[in-house]
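Coordinates from structure_24.txt are shown below (compact mmCIF, C-alpha atoms).
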```
# COMPACT_ATOMS: atom_id res chain seq x y z
CA MET D 1 13.41 24.41 -2.46
CA ASP D 2 16.44 26.53 -3.35
CA ALA D 3 18.81 23.90 -1.97
CA VAL D 4 17.06 21.15 -3.94
CA ALA D 5 17.17 23.23 -7.13
CA GLU D 6 20.86 23.91 -6.61
CA ALA D 7 21.64 20.25 -5.93
CA ALA D 8 19.66 19.19 -9.02
CA ASP D 9 21.24 22.00 -11.06
CA ILE D 10 17.89 23.37 -12.20
CA ASP D 11 16.23 26.74 -11.94
CA ALA D 12 14.50 27.21 -8.57
CA ASP D 13 11.56 29.00 -10.19
CA LEU D 14 10.99 26.02 -12.49
CA LEU D 15 10.98 23.75 -9.46
CA ARG D 16 8.46 26.00 -7.68
CA GLN D 17 6.20 25.95 -10.75
CA ARG D 18 6.03 22.16 -10.63
CA PHE D 19 6.01 21.60 -6.85
CA GLU D 20 4.20 23.61 -4.19
CA GLY D 21 6.75 22.84 -1.51
CA GLU D 22 9.04 20.29 0.10
CA HIS D 23 6.14 17.94 0.82
CA ASP D 24 5.41 17.62 -2.88
CA LEU D 25 9.02 16.54 -3.42
CA VAL D 26 9.52 14.19 -0.50
CA ALA D 27 6.14 12.43 -0.34
CA PRO D 28 6.46 10.96 -3.87
CA ALA D 29 9.99 9.79 -3.02
CA MET D 30 8.61 8.07 0.06
CA ARG D 31 5.92 6.32 -1.99
CA TRP D 32 8.42 5.37 -4.72
CA TYR D 33 10.84 3.73 -2.27
CA PHE D 34 8.00 1.97 -0.53
CA MET D 35 6.69 0.62 -3.84
CA ARG D 36 10.19 -0.38 -4.99
CA PHE D 37 10.92 -2.37 -1.86
CA SER D 38 7.46 -3.83 -1.33
CA GLN D 39 7.01 -4.98 -4.94
CA GLN D 40 10.37 -6.75 -5.03
CA VAL D 41 9.97 -8.35 -1.63
CA SER D 42 6.33 -9.31 -2.14
CA SER D 43 6.76 -10.79 -5.61
CA SER D 44 9.54 -13.16 -4.60
CA SER D 45 7.77 -14.36 -1.47
CA ALA D 46 4.45 -14.90 -3.24
CA MET D 47 5.57 -18.16 -4.85
CA TYR D 48 5.96 -20.04 -1.57
CA ALA D 49 3.30 -22.37 -0.23
CA ASP D 50 4.12 -22.09 3.47
CA ILE D 51 4.30 -19.31 6.02
CA TYR D 52 7.90 -19.93 7.07
CA SER D 53 9.38 -19.77 3.57
CA CYS D 54 7.29 -16.74 2.70
CA MET D 55 8.32 -14.70 5.72
CA TYR D 56 11.94 -15.87 5.59
CA LEU D 57 12.22 -14.75 1.99
CA MET D 58 10.56 -11.41 2.74
CA LEU D 59 13.14 -10.70 5.45
CA THR D 60 16.20 -11.90 3.51
CA ASP D 61 15.16 -10.14 0.30
CA PHE D 62 14.55 -6.95 2.26
CA ALA D 63 17.99 -7.20 3.87
CA GLU D 64 19.63 -7.73 0.48
CA LEU D 65 17.74 -4.81 -1.08
CA CYS D 66 18.67 -2.51 1.79
CA GLU D 67 22.31 -3.59 1.69
CA GLN D 68 22.46 -3.15 -2.08
CA GLN D 69 20.98 0.34 -1.89
CA ASN D 70 23.33 1.32 0.93
CA ARG D 71 26.36 -0.02 -0.96
CA ILE D 72 25.51 1.34 -4.42
CA GLU D 73 23.82 4.61 -3.55
CA GLY D 74 25.82 5.38 -0.41
CA SER D 75 22.75 5.73 1.78
CA LEU D 76 19.66 3.93 2.90
CA TYR D 77 17.02 6.36 1.68
CA TRP D 78 14.09 4.56 3.27
CA SER D 79 15.69 5.21 6.66
CA THR D 80 16.40 8.84 5.78
CA ILE D 81 12.85 9.40 4.58
CA GLY D 82 11.54 7.88 7.79
CA GLU D 83 13.72 10.24 9.82
CA ILE D 84 12.38 13.22 7.87
CA GLY D 85 8.87 11.99 8.63
CA ARG D 86 9.59 12.24 12.34
CA PHE D 87 10.25 15.98 12.12
CA ASP D 88 7.54 17.03 9.67
CA PRO D 89 3.92 16.30 10.63
CA VAL D 90 2.63 16.08 7.04
CA LEU D 91 5.42 13.78 5.91
CA GLY D 92 5.10 11.87 9.18
CA GLU D 93 1.49 11.06 8.30
CA GLU D 94 2.58 9.91 4.85
CA TYR D 95 5.32 7.73 6.33
CA LEU D 96 2.90 6.26 8.87
CA ALA D 97 0.43 5.45 6.09
CA LEU D 98 3.20 3.62 4.17
CA ARG D 99 4.21 1.68 7.29
CA LEU D 100 0.58 0.69 7.78
CA GLU D 101 0.47 -0.53 4.16
CA TRP D 102 3.60 -2.61 4.80
CA ALA D 103 2.04 -4.05 7.97
CA ALA D 104 -1.11 -4.86 5.98
CA GLU D 105 1.02 -6.73 3.43
CA ILE D 106 2.65 -8.76 6.18
CA ARG D 107 -0.78 -9.43 7.66
CA ARG D 108 -2.09 -10.64 4.27
CA ARG D 109 0.79 -13.12 4.07
CA LEU D 110 0.21 -14.40 7.57
CA VAL D 111 -3.56 -14.71 7.06
CA LYS D 112 -2.96 -16.60 3.81
CA PHE D 113 -1.12 -19.26 5.82
CA GLU D 114 -3.03 -19.01 9.09
CA SER D 115 -3.74 -22.74 8.94
CA ASP D 116 0.01 -23.24 9.60
CA LEU D 117 -0.32 -21.45 12.94
CA GLN D 118 -1.28 -23.05 16.25
CA THR D 119 -3.35 -20.00 17.13
CA PRO D 120 -4.48 -17.69 14.32
CA GLU D 121 -5.07 -15.02 16.99
CA ASP D 122 -1.27 -14.64 17.07
CA ILE D 123 -1.34 -12.97 13.65
CA ASP D 124 -1.63 -9.43 15.00
CA HIS D 125 1.29 -10.00 17.37
CA LEU D 126 3.32 -11.55 14.58
CA VAL D 127 2.63 -8.54 12.34
CA ASP D 128 4.04 -6.26 15.03
CA TYR D 129 6.96 -8.62 15.57
CA PHE D 130 7.85 -8.72 11.88
CA MET D 131 7.49 -4.95 11.58
CA MET D 132 10.04 -4.71 14.37
CA ALA D 133 12.28 -7.18 12.52
CA PHE D 134 12.13 -5.09 9.33
CA GLU D 135 13.02 -1.98 11.34
CA GLY D 136 15.91 -3.89 12.89
CA ILE D 137 17.19 -4.87 9.46
CA ILE D 138 17.07 -1.22 8.40
CA GLN D 139 19.14 -0.23 11.42
CA MET D 140 21.65 -3.04 10.92
CA VAL D 141 22.17 -2.09 7.28
CA LYS D 142 22.28 1.60 8.14
CA PHE D 143 25.21 0.87 10.45
CA GLU D 144 26.83 -1.32 7.76
CA THR D 145 26.39 -4.67 9.44
CA PRO D 146 27.48 -7.27 6.86
CA LEU D 147 24.79 -9.54 5.43
CA ASP D 148 26.59 -12.59 6.81
CA GLN D 149 25.78 -11.20 10.27
CA ILE D 150 22.24 -10.10 9.40
CA PHE D 151 21.15 -13.51 8.08
CA PRO D 152 21.79 -15.32 11.40
CA ALA D 153 19.75 -12.60 13.13
CA ILE D 154 16.95 -13.34 10.66
CA ASP D 155 17.25 -17.04 11.52
CA ILE D 156 16.75 -16.19 15.20
CA THR D 157 13.81 -13.96 14.26
CA MET D 158 12.22 -16.89 12.46
CA GLU D 159 12.35 -18.96 15.65
CA ALA D 160 9.49 -16.84 17.00
CA LEU D 161 7.36 -17.83 14.02
CA THR D 162 8.43 -21.48 14.27
CA SER D 163 7.36 -21.59 17.92
CA ARG D 164 3.85 -20.59 16.85
CA MET D 165 3.50 -23.06 14.00
CA LYS D 166 1.63 -26.37 14.20
CA LYS D 167 4.61 -28.28 12.82
CA SER D 168 8.26 -27.55 12.13
CA PRO D 169 8.80 -25.85 8.81
CA ASN D 170 10.75 -27.08 5.84
CA MET D 171 13.67 -24.71 6.21
CA PRO D 172 14.81 -22.90 3.06
CA GLY D 173 18.53 -22.91 2.40
CA SER D 174 20.42 -20.42 4.52
CA LYS D 175 21.84 -17.48 2.66
```
Please lay out the structure from this file as structure tokens.
Amino acid sequence: MDAVAEAADIDADLLRQRFEGEHDLVAPAMRWYFMRFSQQVSSSSAMYADIYSCMYLMLTDFAELCEQQNRIEGSLYWSTIGEIGRFDPVLGEEYLALRLEWAAEIRRRLVKFESDLQTPEDIDHLVDYFMMAFEGIIQMVKFETPLDQIFPAIDITMEALTSRMKKSPNMPGSK
């Protein structure tokens, strides 16, 4: 708490009056970043009428948001917060809950378009697959992979979805 107070240039006692401990500082930051990313990604993908366009836009928007944050703010805080969650059991539970919310959002999108899929039973596997893709995007951005290299990786990721669709998708324009 003292280090946070010093970095924020505020009185440590004032900080302790407002927050009981580090968890009260970090958990809201985790929720804020989750909400920031999920609202932006979800709102733009909501306007599409097919599963391919929806998921493609979720991935590309997420990559752009991560890259923008990394470039402007000098760090990818979502990744940092996730790392903190690995070392602190309370924050780890919070981070896991947020990841489960993100997976539920992906699942809602896939269920919405399940009629596009050959086998709707693939939805759970696709949720896990797309969660892995989002984690991969985080790592690529974290290591400053340019977007023009991330987008082709997203295209390859989308091939897994395409192989499970009843018919070939109408491909959105490549970024």
inquiry  = With distances taken over all atoms listed in the file, which residue among D:Glu94, D:Asp50, D:Asp24, D:Glu105 lies nearest Phe130 of chain D?
reply    = D:Glu105
ask   = Ile138 of chain D: which residues within 7 Å, counting only C-alpha atoms, same-chain residues fewer than 3 positions away excluded, as a PyMOL selection string?
value = chain D and resi 66+79+134-135+141-142
note = atom CA of Phe62 of chain D to atom CA of Ala46 of chain D measures 14.0 Å
query = In Å, with one decimal, what is the gap from atom CA of Leu110 of chain D to atom CA of Leu96 of chain D?
reply = 20.9 Å
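With atom CA of Met47 of chain D on one side and atom CA of Ser115 of chain D on the other, the separation reads 17.3 Å.
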Could you give me segment 156-167 of chain D completed to all heavy atoms, formatted as a short mmCIF file (atom, residue, chain, number, x, y, z; two decimals), keeping the file's coordinate frame?
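Saved to out.cif:
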```
data_model
loop_
_atom_site.label_atom_id
_atom_site.label_comp_id
_atom_site.auth_asym_id
_atom_site.auth_seq_id
_atom_site.Cartn_x
_atom_site.Cartn_y
_atom_site.Cartn_z
N ILE D 156 17.26 -16.27 13.81
CA ILE D 156 16.75 -16.19 15.20
C ILE D 156 15.35 -15.59 15.21
O ILE D 156 14.47 -16.05 15.95
CB ILE D 156 17.73 -15.39 16.08
CG1 ILE D 156 19.03 -16.19 16.25
CG2 ILE D 156 17.10 -15.06 17.43
CD1 ILE D 156 20.16 -15.41 16.87
N THR D 157 15.13 -14.57 14.38
CA THR D 157 13.81 -13.96 14.26
C THR D 157 12.77 -15.01 13.86
O THR D 157 11.66 -15.02 14.38
CB THR D 157 13.84 -12.83 13.21
OG1 THR D 157 14.76 -11.83 13.65
CG2 THR D 157 12.48 -12.22 12.98
N MET D 158 13.15 -15.88 12.96
CA MET D 158 12.22 -16.89 12.46
C MET D 158 11.85 -17.92 13.53
O MET D 158 10.82 -18.58 13.42
CB MET D 158 12.80 -17.58 11.23
CG MET D 158 12.97 -16.64 10.03
SD MET D 158 11.45 -15.79 9.54
CE MET D 158 10.45 -17.18 9.03
N GLU D 159 12.67 -18.04 14.56
CA GLU D 159 12.35 -18.96 15.65
C GLU D 159 11.04 -18.57 16.34
O GLU D 159 10.29 -19.44 16.81
CB GLU D 159 13.49 -19.04 16.65
CG GLU D 159 14.71 -19.76 16.10
CD GLU D 159 15.88 -19.77 17.06
OE1 GLU D 159 15.68 -19.52 18.28
OE2 GLU D 159 17.00 -20.05 16.61
N ALA D 160 10.76 -17.28 16.39
CA ALA D 160 9.49 -16.84 17.00
C ALA D 160 8.31 -17.35 16.18
O ALA D 160 7.30 -17.78 16.75
CB ALA D 160 9.45 -15.31 17.09
N LEU D 161 8.42 -17.31 14.87
CA LEU D 161 7.36 -17.83 14.02
C LEU D 161 7.26 -19.35 14.17
O LEU D 161 6.17 -19.89 14.34
CB LEU D 161 7.60 -17.46 12.55
CG LEU D 161 6.59 -18.00 11.55
CD1 LEU D 161 5.18 -17.47 11.85
CD2 LEU D 161 7.01 -17.63 10.13
N THR D 162 8.41 -20.02 14.14
CA THR D 162 8.43 -21.48 14.27
C THR D 162 7.75 -21.94 15.56
O THR D 162 7.00 -22.91 15.55
CB THR D 162 9.89 -21.99 14.23
OG1 THR D 162 10.48 -21.58 13.01
CG2 THR D 162 9.95 -23.50 14.33
N SER D 163 7.95 -21.19 16.64
CA SER D 163 7.36 -21.59 17.92
C SER D 163 5.84 -21.46 17.91
O SER D 163 5.17 -22.00 18.80
CB SER D 163 7.95 -20.74 19.06
OG SER D 163 7.47 -19.41 18.99
N ARG D 164 5.29 -20.77 16.93
CA ARG D 164 3.85 -20.59 16.85
C ARG D 164 3.20 -21.40 15.74
O ARG D 164 2.02 -21.28 15.48
CB ARG D 164 3.53 -19.10 16.67
CG ARG D 164 3.71 -18.38 18.00
CD ARG D 164 3.91 -16.93 17.87
NE ARG D 164 4.02 -16.30 19.17
CZ ARG D 164 5.05 -16.41 20.00
NH1 ARG D 164 6.07 -17.17 19.69
NH2 ARG D 164 5.07 -15.79 21.15
N MET D 165 4.01 -22.23 15.09
CA MET D 165 3.50 -23.06 14.00
C MET D 165 3.06 -24.43 14.53
O MET D 165 3.56 -24.91 15.55
CB MET D 165 4.58 -23.22 12.92
CG MET D 165 4.89 -21.91 12.22
SD MET D 165 6.25 -22.05 11.03
CE MET D 165 5.53 -23.20 9.85
N LYS D 166 2.12 -25.04 13.81
CA LYS D 166 1.63 -26.37 14.20
C LYS D 166 2.71 -27.43 14.06
O LYS D 166 2.78 -28.36 14.86
CB LYS D 166 0.43 -26.75 13.33
CG LYS D 166 -0.81 -25.96 13.63
CD LYS D 166 -1.95 -26.37 12.72
CE LYS D 166 -3.19 -25.53 12.98
NZ LYS D 166 -4.25 -25.80 12.00
N LYS D 167 3.54 -27.31 13.02
CA LYS D 167 4.61 -28.28 12.82
C LYS D 167 5.85 -27.54 12.35
O LYS D 167 5.76 -26.42 11.84
CB LYS D 167 4.20 -29.36 11.82
CG LYS D 167 3.90 -28.85 10.44
CD LYS D 167 3.50 -29.98 9.52
CE LYS D 167 3.32 -29.43 8.10
NZ LYS D 167 3.16 -30.44 7.13
#
```
